[in-house]
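Structure record follows, encoded as structure tokens.
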Amino acid sequence: VDIQADLGFVEQLYTFDTTARDPRGHAVSVVYLGCGFGLDDLAEGDNRHEFRSVDELPPLAFDHGEIVRYARERLASKMSYSTAVYGLLPKEFTLSQVQSAYEAVRGRPMDKRNFRKKLLSLGVIHETGGLWREGAHRPAKLYAFNSRTLQEFDAGM
């Protein structure tokens, strides 16, 4: 499996290199940040990948918890000025799904009306003409990003 091909968004996050990282000796970690939607069952041979919410991770070894926190902060920051959220969404999505992704990464709720107004004003998504039908609610419009590559914008989200 070519992981990069399956991830919507991937970049090198940071190179961690301090002698205090691991009590067994000097360790260097080159860390990548990747966001992919629908990769829950990604597995190849003996290499199994398990995806969990950052808030549900068990205690991690050494400084790995700090690395995960740094990655979350970096992703939240990147989402404020770019379309990095596309890596967390299916190709077509509702505005509620986009907002849920932002709230999950940032760890706090956002005002629905202000969020939608801001997102639509950026010009980075378009209506697909499709509808999301789930439950007894009125069907929601489906949207897609104008580009499935990382795009930056001036106005912060």
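Following the order of the structure tokens, chains are lettered A, B, ..., residues in each are numbered from 1, and ligands are numbered from 1.
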
Worksheet item: Tell me, which residues of chain A carry DSSP strand (DSSP E or B), written as a PyMOL selection string?
Response: chain A and resi 9-18+27-35+43-44+47-48+82+93+125-132+140-145+152

Worksheet item: Excluding same-chain residues fewer than 5 positions from Arg21 in chain A, what lies within 7 Å of it counting only C-alpha atoms, as a list in words?
Response: Ala27, Phe62 and Asp63 of chain A

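Using only C-alpha atoms, the smallest distance between any of A:Ser121, A:Asn114, A:Leu89, A:Met157 and Leu142 in chain A comes from A:Leu89.
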
Worksheet item: What's the 10 Å shell around Tyr14 in chain A, counting only C-alpha atoms, without same-chain residues fewer than 4 positions away, as an NGL selection string?
Response: :A and (29-33 or 67 or 70-71)

Can you spit out the residues from that selection as a PDB file, in the first residue's frame, using N, CA, C and O atoms?
ATOM      1  N   SER A  29      13.774  11.324  15.454  1.00  0.00           N
ATOM      2  CA  SER A  29      12.524  10.945  14.796  1.00  0.00           C
ATOM      3  C   SER A  29      12.167  12.004  13.765  1.00  0.00           C
ATOM      4  O   SER A  29      12.078  13.184  14.099  1.00  0.00           O
ATOM      5  N   VAL A  30      11.975  11.578  12.537  1.00  0.00           N
ATOM      6  CA  VAL A  30      11.456  12.449  11.491  1.00  0.00           C
ATOM      7  C   VAL A  30       9.965  12.130  11.415  1.00  0.00           C
ATOM      8  O   VAL A  30       9.580  11.013  11.084  1.00  0.00           O
ATOM      9  N   VAL A  31       9.137  13.098  11.774  1.00  0.00           N
ATOM     10  CA  VAL A  31       7.706  12.876  11.941  1.00  0.00           C
ATOM     11  C   VAL A  31       6.938  13.513  10.785  1.00  0.00           C
ATOM     12  O   VAL A  31       7.206  14.646  10.402  1.00  0.00           O
ATOM     13  N   TYR A  32       5.986  12.751  10.272  1.00  0.00           N
ATOM     14  CA  TYR A  32       5.111  13.236   9.209  1.00  0.00           C
ATOM     15  C   TYR A  32       3.700  13.361   9.736  1.00  0.00           C
ATOM     16  O   TYR A  32       3.267  12.580  10.591  1.00  0.00           O
ATOM     17  N   LEU A  33       2.992  14.349   9.225  1.00  0.00           N
ATOM     18  CA  LEU A  33       1.591  14.566   9.554  1.00  0.00           C
ATOM     19  C   LEU A  33       0.784  14.226   8.313  1.00  0.00           C
ATOM     20  O   LEU A  33       1.038  14.773   7.240  1.00  0.00           O
ATOM     21  N   ILE A  67       4.636  14.817  20.861  1.00  0.00           N
ATOM     22  CA  ILE A  67       4.670  14.866  19.396  1.00  0.00           C
ATOM     23  C   ILE A  67       3.248  14.900  18.841  1.00  0.00           C
ATOM     24  O   ILE A  67       2.940  15.687  17.936  1.00  0.00           O
ATOM     25  N   TYR A  70       1.778  18.304  19.439  1.00  0.00           N
ATOM     26  CA  TYR A  70       2.363  19.263  18.491  1.00  0.00           C
ATOM     27  C   TYR A  70       1.721  19.104  17.113  1.00  0.00           C
ATOM     28  O   TYR A  70       1.394  20.088  16.447  1.00  0.00           O
ATOM     29  N   ALA A  71       1.505  17.862  16.685  1.00  0.00           N
ATOM     30  CA  ALA A  71       0.886  17.613  15.386  1.00  0.00           C
ATOM     31  C   ALA A  71      -0.532  18.182  15.339  1.00  0.00           C
ATOM     32  O   ALA A  71      -0.937  18.794  14.343  1.00  0.00           O
TER      33      ALA A  71
END

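Taking only C-alpha atoms into account, Arg106 in chain A lies nearest to A:Met79 out of the set A:Ala20, A:Ala155, A:Cys35, A:Met79.
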
Item to complete: May I have all residues of range 19-139 of chain A that DSSP, computed from the backbone, assigns to alpha helix (DSSP H), given as a PyMOL selection string?
Response: chain A and resi 64-79+95-106+112-121

Next, write the just-selected residues to a file, as an mmCIF file, in the first residue's frame, keeping N, CA and C atoms as the atom set.
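Final file, again.cif:
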data_model
loop_
_atom_site.group_PDB
_atom_site.id
_atom_site.type_symbol
_atom_site.label_atom_id
_atom_site.label_comp_id
_atom_site.auth_asym_id
_atom_site.auth_seq_id
_atom_site.Cartn_x
_atom_site.Cartn_y
_atom_site.Cartn_z
ATOM 1 N N HIS A 64 6.314 10.799 22.863
ATOM 2 C CA HIS A 64 5.370 10.633 21.757
ATOM 3 C C HIS A 64 4.053 11.375 21.987
ATOM 4 N N GLY A 65 3.610 11.496 23.229
ATOM 5 C CA GLY A 65 2.416 12.279 23.530
ATOM 6 C C GLY A 65 2.605 13.740 23.162
ATOM 7 N N GLU A 66 3.796 14.273 23.445
ATOM 8 C CA GLU A 66 4.106 15.661 23.071
ATOM 9 C C GLU A 66 4.136 15.821 21.551
ATOM 10 N N ILE A 67 4.636 14.817 20.861
ATOM 11 C CA ILE A 67 4.670 14.866 19.396
ATOM 12 C C ILE A 67 3.248 14.900 18.841
ATOM 13 N N VAL A 68 2.358 14.074 19.386
ATOM 14 C CA VAL A 68 0.959 14.058 18.935
ATOM 15 C C VAL A 68 0.302 15.402 19.219
ATOM 16 N N ARG A 69 0.541 15.981 20.388
ATOM 17 C CA ARG A 69 -0.033 17.293 20.716
ATOM 18 C C ARG A 69 0.481 18.365 19.749
ATOM 19 N N TYR A 70 1.778 18.304 19.439
ATOM 20 C CA TYR A 70 2.363 19.263 18.491
ATOM 21 C C TYR A 70 1.721 19.104 17.113
ATOM 22 N N ALA A 71 1.505 17.862 16.685
ATOM 23 C CA ALA A 71 0.886 17.613 15.386
ATOM 24 C C ALA A 71 -0.532 18.182 15.339
ATOM 25 N N ARG A 72 -1.270 17.992 16.419
ATOM 26 C CA ARG A 72 -2.649 18.520 16.461
ATOM 27 C C ARG A 72 -2.639 20.049 16.395
ATOM 28 N N GLU A 73 -1.741 20.678 17.142
ATOM 29 C CA GLU A 73 -1.633 22.138 17.108
ATOM 30 C C GLU A 73 -1.247 22.625 15.715
ATOM 31 N N ARG A 74 -0.326 21.923 15.086
ATOM 32 C CA ARG A 74 0.115 22.309 13.737
ATOM 33 C C ARG A 74 -1.021 22.168 12.737
ATOM 34 N N LEU A 75 -1.781 21.068 12.837
ATOM 35 C CA LEU A 75 -2.903 20.873 11.923
ATOM 36 C C LEU A 75 -3.970 21.945 12.152
ATOM 37 N N ALA A 76 -4.280 22.259 13.401
ATOM 38 C CA ALA A 76 -5.264 23.311 13.692
ATOM 39 C C ALA A 76 -4.806 24.639 13.102
ATOM 40 N N SER A 77 -3.533 24.939 13.245
ATOM 41 C CA SER A 77 -2.998 26.171 12.677
ATOM 42 C C SER A 77 -3.088 26.158 11.153
ATOM 43 N N LYS A 78 -2.698 25.049 10.537
ATOM 44 C CA LYS A 78 -2.713 24.941 9.073
ATOM 45 C C LYS A 78 -4.135 25.061 8.529
ATOM 46 N N MET A 79 -5.098 24.518 9.263
ATOM 47 C CA MET A 79 -6.490 24.598 8.826
ATOM 48 C C MET A 79 -7.025 26.020 8.895
ATOM 49 N N LEU A 95 -21.725 20.767 4.962
ATOM 50 C CA LEU A 95 -21.088 21.825 5.747
ATOM 51 C C LEU A 95 -20.962 21.405 7.211
ATOM 52 N N SER A 96 -21.918 20.615 7.695
ATOM 53 C CA SER A 96 -21.831 20.108 9.073
ATOM 54 C C SER A 96 -20.619 19.198 9.250
ATOM 55 N N GLN A 97 -20.307 18.391 8.242
ATOM 56 C CA GLN A 97 -19.137 17.515 8.326
ATOM 57 C C GLN A 97 -17.842 18.322 8.366
ATOM 58 N N VAL A 98 -17.768 19.399 7.586
ATOM 59 C CA VAL A 98 -16.576 20.253 7.621
ATOM 60 C C VAL A 98 -16.440 20.874 9.006
ATOM 61 N N GLN A 99 -17.536 21.393 9.519
ATOM 62 C CA GLN A 99 -17.498 22.019 10.836
ATOM 63 C C GLN A 99 -17.102 21.009 11.902
ATOM 64 N N SER A 100 -17.623 19.793 11.830
ATOM 65 C CA SER A 100 -17.253 18.746 12.793
ATOM 66 C C SER A 100 -15.758 18.454 12.747
ATOM 67 N N ALA A 101 -15.173 18.452 11.550
ATOM 68 C CA ALA A 101 -13.728 18.213 11.418
ATOM 69 C C ALA A 101 -12.939 19.336 12.083
ATOM 70 N N TYR A 102 -13.340 20.586 11.834
ATOM 71 C CA TYR A 102 -12.668 21.723 12.480
ATOM 72 C C TYR A 102 -12.794 21.623 14.001
ATOM 73 N N GLU A 103 -13.986 21.321 14.489
ATOM 74 C CA GLU A 103 -14.201 21.238 15.927
ATOM 75 C C GLU A 103 -13.395 20.106 16.557
ATOM 76 N N ALA A 104 -13.280 18.977 15.859
ATOM 77 C CA ALA A 104 -12.512 17.844 16.387
ATOM 78 C C ALA A 104 -11.030 18.190 16.507
ATOM 79 N N VAL A 105 -10.489 18.840 15.500
ATOM 80 C CA VAL A 105 -9.069 19.185 15.531
ATOM 81 C C VAL A 105 -8.807 20.280 16.558
ATOM 82 N N ARG A 106 -9.657 21.284 16.583
ATOM 83 C CA ARG A 106 -9.460 22.401 17.512
ATOM 84 C C ARG A 106 -9.863 22.067 18.946
ATOM 85 N N LYS A 112 -22.202 27.856 14.325
ATOM 86 C CA LYS A 112 -22.603 27.288 13.037
ATOM 87 C C LYS A 112 -22.752 28.351 11.953
ATOM 88 N N ARG A 113 -23.495 29.398 12.237
ATOM 89 C CA ARG A 113 -23.762 30.415 11.213
ATOM 90 C C ARG A 113 -22.493 31.146 10.783
ATOM 91 N N ASN A 114 -21.689 31.565 11.752
ATOM 92 C CA ASN A 114 -20.443 32.263 11.418
ATOM 93 C C ASN A 114 -19.482 31.357 10.660
ATOM 94 N N PHE A 115 -19.402 30.079 11.073
ATOM 95 C CA PHE A 115 -18.502 29.137 10.401
ATOM 96 C C PHE A 115 -18.887 28.989 8.933
ATOM 97 N N ARG A 116 -20.162 28.745 8.671
ATOM 98 C CA ARG A 116 -20.630 28.541 7.294
ATOM 99 C C ARG A 116 -20.427 29.780 6.443
ATOM 100 N N LYS A 117 -20.739 30.926 6.992
ATOM 101 C CA LYS A 117 -20.564 32.184 6.254
ATOM 102 C C LYS A 117 -19.103 32.372 5.857
ATOM 103 N N LYS A 118 -18.210 32.139 6.809
ATOM 104 C CA LYS A 118 -16.775 32.301 6.550
ATOM 105 C C LYS A 118 -16.286 31.290 5.516
ATOM 106 N N LEU A 119 -16.654 30.015 5.685
ATOM 107 C CA LEU A 119 -16.204 28.979 4.762
ATOM 108 C C LEU A 119 -16.682 29.257 3.338
ATOM 109 N N LEU A 120 -17.930 29.592 3.183
ATOM 110 C CA LEU A 120 -18.474 29.850 1.846
ATOM 111 C C LEU A 120 -17.850 31.086 1.216
ATOM 112 N N SER A 121 -17.463 32.075 2.033
ATOM 113 C CA SER A 121 -16.866 33.302 1.496
ATOM 114 C C SER A 121 -15.454 33.084 0.954
#

Practice prompt. Within 12 Å of Tyr86 in chain A, counting only C-alpha atoms, which residues show up once you throw out same-chain ones fewer than 3 positions away? Write them as a PyMOL selection string, please.
Written response: chain A and resi 7-10+34-37+75+78-79+82-83+89-93+97-99+101-102+124-125+143-151

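Coordinates place CA of Lys141 in chain A at a distance of 6.1 Å from CA of Thr94 in chain A.
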
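Ranking A:Leu122, A:Ala136, A:Val28, A:Leu131 by their shortest atom-to-atom distance to Ser80 in chain A, with only C-alpha atoms included, puts A:Leu122 first.
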
Worksheet, complete the sentence: Min atom-atom distance to Ser53 in chain A from the set A:Asp22, A:Gly107, A:Leu13, A:Tyr81, counting only C-alpha atoms, belongs to A:Gly107

Worksheet item: Please, what distance in Å, to one decimal, runs between CA of Thr19 in chain A and CA of Asp55 in chain A?
Response: 27.8 Å

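You can rank A:Ala61, A:Met110, A:Ala140, A:Ala84 by their closest distance to Pro23 in chain A using only C-alpha atoms, and at the top of that list sits A:Ala61.
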